[in-house]
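File shown: data.txt. Contents: compact mmCIF, C-alpha atoms.
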```txt
# COMPACT_ATOMS: atom_id res chain seq x y z
CA LEU H 1 12.83 1.43 24.19
CA PRO H 2 14.49 4.84 23.77
CA GLU H 3 12.68 7.76 25.36
CA THR H 4 12.55 9.69 22.10
CA ASN H 5 12.69 8.84 18.42
CA SER H 6 16.03 10.58 18.03
CA LEU H 7 18.35 10.37 15.06
CA SER H 8 21.26 9.79 17.44
CA TRP H 9 19.75 6.43 18.43
CA LEU H 10 19.55 5.42 14.75
CA ASN H 11 23.30 5.44 14.43
CA TYR H 12 25.65 3.63 12.06
CA GLN H 13 29.33 2.86 12.48
CA LYS H 14 31.10 3.48 9.19
CA GLY H 15 33.09 0.70 7.67
CA LEU H 16 31.26 -2.49 8.51
CA PRO H 17 33.22 -5.48 7.17
CA ILE H 18 32.70 -6.37 3.52
CA THR H 19 31.25 -9.84 3.20
CA ASN H 20 32.48 -12.47 0.78
CA GLN H 21 29.00 -12.61 -0.71
CA THR H 22 29.10 -9.11 -2.14
CA SER H 23 32.73 -7.97 -2.20
CA SER H 24 33.56 -9.41 -5.62
CA ILE H 25 30.81 -7.59 -7.53
CA ALA H 26 29.62 -4.60 -5.47
CA LEU H 27 30.99 -1.12 -6.13
CA VAL H 28 28.90 0.91 -3.69
CA ARG H 29 26.68 0.24 -0.69
CA ILE H 30 24.16 2.42 1.09
CA PRO H 31 23.59 1.81 4.83
CA ILE H 32 20.08 2.14 6.27
CA VAL H 33 19.38 1.70 9.98
CA VAL H 34 15.81 0.59 10.75
CA ALA H 35 14.21 0.49 14.20
CA ASN H 36 10.98 -0.69 15.77
CA LEU H 37 10.30 1.90 18.47
CA THR H 38 7.05 0.30 19.57
CA THR H 39 6.21 -2.58 21.92
CA VAL H 40 4.75 -4.69 19.10
CA PRO H 41 6.82 -7.52 17.54
CA LEU H 42 6.68 -7.36 13.75
CA GLN H 43 6.85 -10.07 11.06
CA ASN H 44 7.29 -9.58 7.29
CA VAL H 45 7.94 -5.87 7.79
CA PRO H 46 7.69 -3.79 4.58
CA LEU H 47 10.04 -0.81 4.38
CA THR H 48 9.14 1.51 1.49
CA ILE H 49 11.42 4.32 0.35
CA PRO H 50 11.06 6.51 -2.77
CA VAL H 51 14.09 6.04 -5.00
CA SER H 52 14.60 9.81 -5.13
CA VAL H 53 14.82 9.97 -1.33
CA LEU H 54 17.37 7.13 -1.22
CA THR H 55 19.65 8.67 -3.85
CA LYS H 56 19.42 12.22 -2.47
CA THR H 57 19.91 11.31 1.18
CA SER H 58 22.74 8.86 0.52
CA ARG H 59 24.34 11.19 -2.06
CA PHE H 60 24.50 8.27 -4.46
CA PRO H 61 25.75 9.73 -7.77
CA GLY H 62 23.64 7.84 -10.25
CA PHE H 63 20.46 6.05 -11.25
CA ILE H 64 19.28 2.96 -9.37
CA ASN H 65 17.43 0.30 -11.34
CA ARG H 66 18.00 -2.80 -9.21
CA ILE H 67 19.41 -3.60 -5.79
CA VAL H 68 20.60 -6.35 -3.49
CA VAL H 69 19.85 -5.80 0.21
CA THR H 70 21.43 -7.66 3.11
CA GLY H 71 20.11 -7.53 6.64
CA LYS H 72 20.55 -9.29 9.95
CA ASP H 73 23.17 -12.08 9.83
CA ASP H 74 23.98 -11.07 6.23
CA THR H 75 20.65 -12.48 5.02
CA VAL H 76 19.63 -11.42 1.51
CA LEU H 77 16.24 -9.69 1.83
CA SER H 78 13.36 -9.77 -0.62
CA ASN H 79 13.04 -6.44 -2.39
CA GLN H 80 11.83 -4.80 -5.58
CA ILE H 81 11.75 -1.45 -7.34
CA ASP H 82 8.33 -0.42 -8.64
CA ASN H 83 8.62 2.04 -11.55
CA PHE H 84 5.14 3.51 -11.46
CA THR H 85 3.78 5.17 -14.58
CA ASP H 86 2.21 7.78 -12.30
CA GLY H 87 4.50 8.82 -9.45
CA ASP H 88 8.00 8.41 -8.07
CA PRO H 89 9.53 4.90 -8.29
CA GLU H 90 9.61 3.14 -4.91
CA ILE H 91 11.90 0.59 -3.30
CA CYS H 92 10.18 -1.95 -1.09
CA ILE H 93 12.32 -4.12 1.23
CA LEU H 94 10.74 -6.97 3.19
CA MET H 95 12.34 -7.57 6.58
CA PRO H 96 11.58 -11.01 8.13
CA SER H 97 11.14 -9.70 11.67
CA LEU H 98 11.78 -6.74 13.94
CA ALA H 99 11.40 -7.12 17.70
CA PRO H 100 10.28 -4.29 19.99
CA GLY H 101 13.15 -1.83 20.44
CA GLU H 102 15.31 -3.68 17.88
CA ARG H 103 17.59 -1.92 15.41
CA GLN H 104 18.84 -3.56 12.23
CA THR H 105 21.38 -2.29 9.73
CA LEU H 106 20.49 -2.91 6.11
CA LEU H 107 23.14 -2.64 3.41
CA VAL H 108 21.80 -1.71 -0.02
CA TYR H 109 23.99 -2.59 -3.02
CA PRO H 110 22.75 -0.67 -6.08
CA ASN H 111 22.93 -1.89 -9.68
CA ILE H 112 24.56 -5.26 -9.04
CA ASN H 113 25.45 -6.77 -12.42
CA SER H 114 25.10 -10.37 -11.25
CA THR H 115 21.75 -12.19 -11.26
CA ALA H 116 22.90 -14.64 -8.56
CA PHE H 117 21.06 -12.88 -5.74
CA PHE H 118 17.74 -12.33 -7.49
CA ASP H 119 16.30 -15.85 -7.43
CA LEU H 120 14.24 -15.09 -4.35
CA PRO H 121 11.06 -17.07 -3.65
CA ALA H 122 7.81 -15.23 -4.36
CA ASN H 123 5.50 -15.00 -1.35
CA LEU H 124 2.54 -13.74 -3.37
CA ILE H 125 0.44 -15.17 -6.17
CA LEU H 126 -1.03 -13.03 -8.93
CA ARG H 127 -3.24 -14.68 -11.54
CA THR H 128 -4.51 -12.94 -14.64
CA ILE H 129 -7.70 -14.69 -15.71
CA ASP H 130 -8.58 -12.55 -18.70
CA GLU H 131 -8.23 -8.96 -19.78
CA ASN H 132 -8.98 -6.83 -16.69
CA LYS H 133 -9.85 -9.93 -14.66
CA TYR H 134 -7.47 -11.17 -11.99
CA SER H 135 -6.99 -12.64 -8.54
CA ILE H 136 -4.45 -12.14 -5.76
CA ASP H 137 -3.47 -14.54 -2.99
CA ASN H 138 -1.08 -13.40 -0.26
CA GLY H 139 -1.43 -16.54 1.86
CA THR H 140 -4.08 -14.99 4.13
CA LEU H 141 -6.34 -12.88 1.94
CA GLU H 142 -7.60 -13.84 -1.51
CA LEU H 143 -9.18 -11.26 -3.80
CA PHE H 144 -11.02 -11.84 -7.07
CA LYS H 145 -12.03 -9.69 -10.02
CA THR H 146 -14.24 -11.85 -12.26
CA GLU H 147 -17.35 -9.79 -13.05
CA ASN H 148 -17.93 -7.14 -15.73
CA THR H 149 -18.29 -4.31 -13.22
CA GLY H 150 -16.25 -1.26 -12.28
CA PHE H 151 -15.53 -2.64 -8.82
CA SER H 152 -11.86 -3.14 -7.98
CA PHE H 153 -12.59 -6.53 -6.36
CA ASP H 154 -15.86 -8.45 -6.69
CA ARG H 155 -15.06 -10.83 -3.84
CA ILE H 156 -12.58 -10.72 -0.95
CA GLU H 157 -11.94 -13.75 1.26
CA LEU H 158 -10.14 -14.32 4.55
CA ALA H 159 -8.98 -17.93 5.02
CA GLY H 160 -11.64 -19.07 2.55
CA GLN H 161 -14.52 -17.12 4.13
CA GLU H 162 -16.12 -14.31 2.16
CA LEU H 163 -15.82 -10.77 3.50
CA GLY H 164 -17.42 -8.68 0.74
CA TYR H 165 -16.34 -6.50 -2.18
CA LEU H 166 -14.60 -3.16 -2.72
CA THR H 167 -15.07 -0.25 -5.10
CA PRO H 168 -14.05 3.40 -5.35
CA LEU H 169 -16.92 5.87 -5.43
CA VAL H 170 -17.06 9.51 -6.54
CA HIS H 171 -19.23 12.24 -4.97
CA GLN H 172 -20.14 14.71 -7.72
CA VAL H 173 -22.04 17.99 -7.47
CA ALA H 174 -23.66 19.35 -10.63
CA GLY H 175 -26.89 20.99 -9.56
CA GLU H 176 -27.48 18.04 -7.24
CA ASN H 177 -25.40 15.63 -5.20
CA THR H 178 -24.71 12.22 -6.72
CA TRP H 179 -22.59 9.32 -5.51
CA ARG H 180 -21.50 7.08 -8.36
CA THR H 181 -19.28 4.05 -8.76
CA PRO H 182 -17.36 3.30 -11.96
CA ASP H 183 -19.10 0.81 -14.24
CA GLN H 184 -16.13 -0.49 -16.25
CA ILE H 185 -12.52 -1.45 -15.63
CA GLU H 186 -10.50 0.27 -18.32
CA LYS H 187 -6.91 -0.75 -17.56
CA VAL H 188 -4.91 -2.68 -14.98
CA ASP H 189 -1.14 -2.30 -14.42
CA PHE H 190 0.66 -4.86 -12.25
CA TYR H 191 3.91 -4.40 -10.35
CA SER H 192 4.85 -7.78 -8.94
CA GLY H 193 7.92 -9.00 -7.09
CA PRO H 194 9.07 -10.96 -4.05
CA ALA H 195 8.26 -8.14 -1.59
CA ARG H 196 4.77 -7.08 -2.67
CA ILE H 197 2.19 -6.82 -5.43
CA VAL H 198 0.93 -3.42 -6.51
CA LEU H 199 -2.15 -2.99 -8.70
CA ASP H 200 -3.00 0.22 -10.53
CA ILE H 201 -6.66 -0.06 -11.52
CA THR H 202 -8.13 2.52 -13.87
CA ALA H 203 -11.93 2.44 -14.00
CA ARG H 204 -14.49 4.72 -15.62
CA ARG H 205 -18.10 5.82 -15.42
CA ASN H 206 -19.61 5.94 -18.89
CA GLN H 207 -21.95 8.92 -18.82
CA PRO H 208 -21.97 11.57 -21.60
CA GLU H 209 -22.26 14.67 -19.40
CA TYR H 210 -20.78 13.62 -16.06
CA GLY H 211 -18.52 10.69 -16.80
CA PHE H 212 -15.29 10.19 -14.87
CA ARG H 213 -12.15 8.08 -14.77
CA VAL H 214 -10.63 7.06 -11.42
CA LYS H 215 -7.23 5.46 -10.88
CA SER H 216 -6.75 3.52 -7.64
CA ARG H 217 -3.59 1.85 -6.34
CA TYR H 218 -3.52 -1.22 -4.05
CA PHE H 219 -0.53 -2.67 -2.15
CA PHE H 220 -0.42 -6.31 -0.99
CA TYR H 221 2.18 -7.91 1.28
CA PRO H 222 2.72 -11.59 2.12
CA GLN H 223 0.74 -13.21 4.94
CA LYS H 224 -1.07 -10.00 5.92
CA ASN H 225 -4.79 -9.82 6.62
CA TRP H 226 -4.80 -6.22 5.37
CA PHE H 227 -3.83 -4.29 2.28
CA THR H 228 -3.36 -0.61 1.51
CA ALA H 229 -5.39 1.50 -0.92
CA GLN H 230 -5.05 5.01 -2.33
CA VAL H 231 -6.64 7.10 -5.08
CA VAL H 232 -4.02 8.36 -7.51
CA GLY H 233 -6.25 10.56 -9.65
CA ILE H 234 -9.76 11.35 -10.89
CA GLU H 235 -10.50 12.81 -14.34
CA ASN H 236 -13.59 14.44 -15.82
CA ILE H 237 -14.31 12.58 -19.08
CA GLY H 238 -17.78 14.08 -19.49
CA SER H 239 -18.90 17.06 -21.56
CA ARG H 240 -19.76 19.37 -18.64
CA PRO H 241 -17.87 20.67 -15.59
CA TRP H 242 -18.76 19.32 -12.16
CA GLU H 243 -17.49 19.56 -8.63
CA LEU H 244 -15.49 16.69 -7.20
CA ALA H 245 -16.81 16.98 -3.66
CA ALA H 246 -15.08 13.85 -2.35
CA TYR H 247 -13.86 10.40 -3.25
CA PHE H 248 -14.68 7.23 -1.35
CA PHE H 249 -13.50 3.70 -0.84
CA TYR H 250 -16.60 1.57 -0.36
CA PRO H 251 -16.18 -1.82 1.38
CA ILE H 252 -19.60 -3.51 1.14
CA SER H 253 -19.82 -6.63 3.30
CA ASN H 254 -21.12 -10.12 2.66
CA CYS H 255 -19.43 -11.83 5.59
CA ALA H 256 -19.67 -15.63 5.45
CA GLY H 257 -21.95 -15.26 2.42
CA ASN H 258 -24.74 -13.47 4.31
CA LYS H 259 -24.83 -9.70 4.79
CA SER H 260 -28.11 -9.56 6.72
CA ASP H 261 -26.38 -10.05 10.07
CA ASP H 262 -23.38 -7.83 9.30
CA MET H 263 -23.63 -4.85 11.62
CA PRO H 264 -21.64 -1.59 11.78
CA TYR H 265 -18.97 -1.70 14.48
CA GLY H 266 -16.94 1.50 14.43
CA THR H 267 -14.96 1.57 11.19
CA TYR H 268 -15.90 -1.92 10.01
CA TRP H 269 -18.67 -4.51 9.65
CA TYR H 270 -18.95 -7.33 12.14
CA ASP H 271 -20.72 -10.66 11.65
CA ALA H 272 -21.28 -12.03 15.16
CA PRO H 273 -22.24 -15.64 14.22
CA ALA H 274 -19.15 -16.03 12.02
CA GLN H 275 -16.98 -13.71 14.15
CA LEU H 276 -15.79 -12.00 10.97
CA SER H 277 -14.82 -8.34 10.68
CA TYR H 278 -14.36 -6.43 7.42
CA GLY H 279 -13.56 -2.76 7.13
CA VAL H 280 -11.00 0.01 7.36
CA LEU H 281 -8.24 1.19 9.69
CA LEU H 282 -6.39 4.41 9.00
CA PRO H 283 -2.61 4.91 9.14
CA ASN H 284 -1.58 7.59 11.62
CA ALA H 285 -0.05 9.71 8.88
CA THR H 286 -3.35 10.15 7.01
CA ALA H 287 -5.92 9.65 9.77
CA ASN H 288 -6.95 13.31 9.70
CA LEU H 289 -7.46 13.26 5.92
CA PHE H 290 -10.40 10.83 5.88
CA ARG H 291 -13.81 10.69 7.48
CA ILE H 292 -15.46 7.37 8.28
CA SER H 293 -19.04 6.43 9.08
CA PHE H 294 -20.38 2.87 8.79
CA TRP H 295 -24.18 2.69 9.01
CA LYS H 296 -27.32 1.03 7.68
CA ASP H 297 -30.43 2.84 6.47
CA ALA H 298 -34.02 1.93 7.28
CA GLU H 299 -34.11 -0.58 4.41
CA GLY H 300 -30.99 -2.31 5.68
CA ASN H 301 -28.69 -1.02 2.93
CA GLU H 302 -25.06 -0.63 3.92
CA HIS H 303 -23.24 2.71 3.83
CA PRO H 304 -19.53 2.23 4.57
CA ASP H 305 -18.61 5.88 4.04
CA VAL H 306 -14.83 6.16 3.93
CA TYR H 307 -14.13 9.43 2.16
CA ARG H 308 -11.70 12.26 1.60
CA GLU H 309 -13.12 15.68 0.86
CA VAL H 310 -11.76 17.46 -2.22
CA LYS H 311 -14.20 20.26 -3.21
CA SER H 312 -12.59 20.99 -6.56
CA ILE H 313 -14.25 21.96 -9.85
CA LEU H 314 -13.16 19.73 -12.74
CA LYS H 315 -13.66 20.98 -16.28
CA PRO H 316 -13.94 18.44 -19.14
CA GLY H 317 -10.53 16.78 -19.53
CA GLN H 318 -9.24 18.11 -16.21
CA ARG H 319 -7.70 15.70 -13.69
CA TYR H 320 -7.42 15.85 -9.93
CA SER H 321 -4.32 14.27 -8.39
CA ASP H 322 -4.06 13.57 -4.69
CA LYS H 323 -0.62 14.98 -3.96
CA ARG H 324 -0.72 13.58 -0.44
CA ARG H 325 -1.37 10.08 -1.83
CA ALA H 326 -3.50 9.50 1.27
CA THR H 327 -3.84 5.82 2.13
CA ILE H 328 -6.23 3.59 4.03
CA ASN H 329 -5.83 0.00 5.24
CA ILE H 330 -8.57 -2.46 4.34
CA PHE H 331 -8.68 -5.58 6.51
CA GLY H 332 -10.43 -8.77 7.44
CA ALA H 333 -10.21 -10.33 10.90
CA LEU H 334 -11.47 -13.49 12.57
CA GLY H 335 -12.40 -13.49 16.25
CA GLN H 336 -13.93 -11.17 18.81
CA PRO H 337 -13.46 -7.63 17.47
CA GLY H 338 -12.26 -6.24 20.78
CA VAL H 339 -9.23 -8.52 20.53
CA ALA H 340 -8.70 -9.34 16.83
CA VAL H 341 -9.09 -5.78 15.54
CA ALA H 342 -7.21 -4.27 18.48
CA ASN H 343 -4.21 -6.53 17.76
CA LEU H 344 -4.35 -5.60 14.09
CA ARG H 345 -4.56 -1.92 14.94
CA ASN H 346 -1.40 -2.24 17.03
CA GLU H 347 0.41 -4.04 14.22
CA LEU H 348 -0.56 -1.40 11.66
CA TYR H 349 0.48 1.36 14.03
CA ALA H 350 3.88 -0.27 14.53
CA ASN H 351 4.35 -0.67 10.77
CA THR H 352 3.58 2.98 10.09
CA ALA H 353 5.69 4.09 13.06
CA LEU H 354 8.75 2.28 11.70
CA SER H 355 11.80 4.54 11.92
CA TYR H 356 14.73 4.50 9.53
CA ARG H 357 17.75 6.61 8.69
CA ILE H 358 19.70 6.58 5.43
CA PHE H 359 23.46 7.19 5.62
CA PRO H 360 25.94 8.41 2.96
CA ALA H 361 26.91 5.83 0.38
CA GLU H 362 30.21 4.00 0.82
CA GLU H 363 32.32 3.18 -2.21
CA LEU H 364 33.87 -0.29 -2.16
CA ALA H 365 37.39 -0.26 -3.58
CA SER H 366 38.81 -3.25 -5.44
CA GLN H 367 41.26 -3.88 -2.59
CA HIS H 368 38.26 -4.44 -0.25
CA GLN H 369 38.72 -1.05 1.34
CA LEU H 370 36.04 1.58 1.94
CA ILE H 371 36.06 5.06 0.46
CA PHE H 372 33.39 7.33 1.91
CA LEU H 373 31.66 9.44 -0.74
CA LYS H 374 31.65 13.17 -0.01
```
Starting from the file, give its structure as structure tokens.
Amino acid sequence: LPETNSLSWLNYQKGLPITNQTSSIALVRIPIVVANLTTVPLQNVPLTIPVSVLTKTSRFPGFINRIVVTGKDDTVLSNQIDNFTDGDPEICILMPSLAPGERQTLLVYPNINSTAFFDLPANLILRTIDENKYSIDNGTLELFKTENTGFSFDRIELAGQELGYLTPLVHQVAGENTWRTPDQIEKVDFYSGPARIVLDITARRNQPEYGFRVKSRYFFYPQKNWFTAQVVGIENIGSRPWELAAYFFYPISNCAGNKSDDMPYGTYWYDAPAQLSYGVLLPNATANLFRISFWKDAEGNEHPDVYREVKSILKPGQRYSDKRRATINIFGALGQPGVAVANLRNELYANTALSYRIFPAEELASQHQLIFLK
């Protein structure tokens, strides 16, 4: 591995040969060099780049609405562009593997007019059962929303074994402290493709004076035993102002169908008889933005407190937006926690430590020559 994460190591030699696969239809390509600077081998590696960052850094003079991406050995890589209704559109590219210390050059071909390269197999299954009821299967985790509650997921399973459920929770201060979950799913937006599934779930708390609406976003990738969650925004829909002290993600356990023997173990629950773990790991980039405390009270009630402090007064109709878009990783693991969770922690660290560099776009001339855009 290189001694430092230097841009000079993420280099690109201009003018890579044009392949027969793309030369007849591509007008421009954008090189991206990606590197795994850790000692952890990676599989199904998601690389996410805001579209605005790609166009600005590559000096691509136009709008990007679809892409073809080739990687190692000219393999066409699964990818998608998610045009969020709330936030910058993102490109997600799924790389099959990346060994420790390995660099790969990706070539991004924007706005290809042919559909020949887009029949890529889906690795994820999204089922809509009814309005605001759904399930997701990524080959390892399966998540269900079937009840008339405000929870994001009523049941989460790992390899067929139940882990628990998940809901956002809002800490309000209006004379007294209250911690409330939403009681109704209001709207669900799906962004689905061959690289990932993204769910935007808008839920609300129906209370005349102190009601709220919370929008959460969840990212799922194929064959992973974890997914990523973030709060996009929280709105005061009540008639009185209140303080948004903090927002929470609340993973309540029911490991193997029995929560009585699920015990707090750092940042997750652990069921020793079933050797199941369910909880949260934080990406390095946002680790200092959240506080975590898993505990049980005297009555045995679970308190998986995963929260981000806000301390902002919201007037009726006012909305808080998390500009940092702070994320957490929610996971399930099977095996002794000292090994299973430690391995997962290393994988997540390597994913978030992924390094990449975008290079100026290259124009492909009709005579199969390269013209470098200035």
Exercise. Which is closer to H:Leu344 than all the others in H:Arg204, H:Lys224, H:Arg59, H:Arg325, using only C-alpha atoms?
Worked result: H:Lys224
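For the residues H:Ser216, H:Pro89, H:Ile125, H:Thr167, ranking by smallest atom-to-atom distance to H:Lys145 using all atoms listed in the file places H:Thr167 first.
Between atom CA of H:Thr202 and atom CA of H:Asp183 the interatomic distance comes to 11.1 Å.
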Exercise. Neighbours of H:Ala274 within 10 Å (all atoms listed in the file; same-chain residues fewer than 2 positions away dropped), as a ChimeraX atom specification?
Worked result: /H:161,255-256,258,261-262,270-272,276-277,334-336
Exercise. How many Å lie between atom CA of H:Pro100 and atom CA of H:Val33, rounded to one decimal?
Worked result: 14.8 Å
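We find atom CA of H:Asn225 and atom CA of H:Ile136 to be spaced 12.6 Å apart.
Using only C-alpha atoms for every distance, the candidate list H:Phe63, H:Tyr268, H:Tyr356, H:Tyr218 yields H:Tyr356 as the residue closest to H:Gln104.
In this comparison, which uses only C-alpha atoms, the residue of H:Val68, H:Leu169, H:Val280, H:Ala195 approaching H:Ile93 most closely is H:Ala195.
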Exercise. From the set H:Tyr12, H:Phe153, H:Tyr278, H:Tyr210, which residue has the shortest atom-to-atom contact distance to H:Glu243, counting all atoms listed in the file?
Worked result: H:Tyr210
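A distance cut-off of 9 Å around (3.8, -9.1, -8.3), counting only C-alpha atoms, selects these protein and nucleic acid residues: Ala122, Leu124, Ile125, Leu126, Phe190, Tyr191, Ser192, Gly193, Pro194, Ala195, Arg196, Ile197, Val198, Leu199 and Phe220 of chain H.
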Any idea what's packed within 9 Å of H:Asn206, counting all atoms listed in the file, ignoring anything in its chain fewer than 5 positions away? Could you give it as a CSV table (one decimal) with C-alpha atoms, keeping the file's coordinate frame?
```csv
chain,number,residue,atom,x,y,z
H,182,PRO,CA,-17.4,3.3,-12.0
H,183,ASP,CA,-19.1,0.8,-14.2
H,184,GLN,CA,-16.1,-0.5,-16.2
H,211,GLY,CA,-18.5,10.7,-16.8
H,212,PHE,CA,-15.3,10.2,-14.9
H,213,ARG,CA,-12.2,8.1,-14.8
H,237,ILE,CA,-14.3,12.6,-19.1
H,238,GLY,CA,-17.8,14.1,-19.5
```
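Among the candidate residues H:Ile234, H:Ala361, H:Ile25, H:Met263, the one lying nearest to H:Pro316 is H:Ile234, with distances computed using only C-alpha atoms.
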Only C-alpha atoms, please: stretch 18-57 of chain H from the block, as a PDB file, in the first residue's frame.
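part.pdb written:
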```pdb
ATOM      1  CA  ILE H  18     -10.921   3.203 -27.439  1.00  0.00           C
ATOM      2  CA  THR H  19     -12.663  -0.139 -27.318  1.00  0.00           C
ATOM      3  CA  ASN H  20     -14.830  -1.545 -30.076  1.00  0.00           C
ATOM      4  CA  GLN H  21     -17.696  -1.757 -27.604  1.00  0.00           C
ATOM      5  CA  THR H  22     -18.064   1.981 -27.179  1.00  0.00           C
ATOM      6  CA  SER H  23     -16.241   3.682 -30.052  1.00  0.00           C
ATOM      7  CA  SER H  24     -19.163   3.655 -32.479  1.00  0.00           C
ATOM      8  CA  ILE H  25     -21.608   5.521 -30.222  1.00  0.00           C
ATOM      9  CA  ALA H  26     -19.646   7.376 -27.524  1.00  0.00           C
ATOM     10  CA  LEU H  27     -18.782  11.057 -27.928  1.00  0.00           C
ATOM     11  CA  VAL H  28     -17.125  11.741 -24.584  1.00  0.00           C
ATOM     12  CA  ARG H  29     -15.668   9.722 -21.728  1.00  0.00           C
ATOM     13  CA  ILE H  30     -14.726  10.706 -18.191  1.00  0.00           C
ATOM     14  CA  PRO H  31     -11.892   8.774 -16.497  1.00  0.00           C
ATOM     15  CA  ILE H  32     -12.118   7.984 -12.779  1.00  0.00           C
ATOM     16  CA  VAL H  33      -9.325   6.201 -10.926  1.00  0.00           C
ATOM     17  CA  VAL H  34     -10.500   4.302  -7.828  1.00  0.00           C
ATOM     18  CA  ALA H  35      -8.246   2.763  -5.179  1.00  0.00           C
ATOM     19  CA  ASN H  36      -8.602   0.586  -2.105  1.00  0.00           C
ATOM     20  CA  LEU H  37      -5.953   1.948   0.258  1.00  0.00           C
ATOM     21  CA  THR H  38      -6.821  -0.462   3.055  1.00  0.00           C
ATOM     22  CA  THR H  39      -5.838  -4.069   3.798  1.00  0.00           C
ATOM     23  CA  VAL H  40      -9.430  -5.305   3.414  1.00  0.00           C
ATOM     24  CA  PRO H  41     -10.532  -7.045   0.171  1.00  0.00           C
ATOM     25  CA  LEU H  42     -13.829  -5.630  -1.057  1.00  0.00           C
ATOM     26  CA  GLN H  43     -16.722  -7.188  -3.000  1.00  0.00           C
ATOM     27  CA  ASN H  44     -19.669  -5.375  -4.638  1.00  0.00           C
ATOM     28  CA  VAL H  45     -18.077  -2.003  -3.921  1.00  0.00           C
ATOM     29  CA  PRO H  46     -20.469   0.966  -4.260  1.00  0.00           C
ATOM     30  CA  LEU H  47     -18.901   4.186  -5.515  1.00  0.00           C
ATOM     31  CA  THR H  48     -21.248   7.159  -5.097  1.00  0.00           C
ATOM     32  CA  ILE H  49     -20.562  10.542  -6.690  1.00  0.00           C
ATOM     33  CA  PRO H  50     -22.897  13.568  -6.869  1.00  0.00           C
ATOM     34  CA  VAL H  51     -23.602  14.405 -10.503  1.00  0.00           C
ATOM     35  CA  SER H  52     -22.596  18.027  -9.876  1.00  0.00           C
ATOM     36  CA  VAL H  53     -19.168  16.911  -8.621  1.00  0.00           C
ATOM     37  CA  LEU H  54     -18.614  14.689 -11.669  1.00  0.00           C
ATOM     38  CA  THR H  55     -19.518  17.398 -14.181  1.00  0.00           C
ATOM     39  CA  LYS H  56     -17.592  20.170 -12.420  1.00  0.00           C
ATOM     40  CA  THR H  57     -14.426  18.173 -11.773  1.00  0.00           C
TER      41      THR H  57
END
```
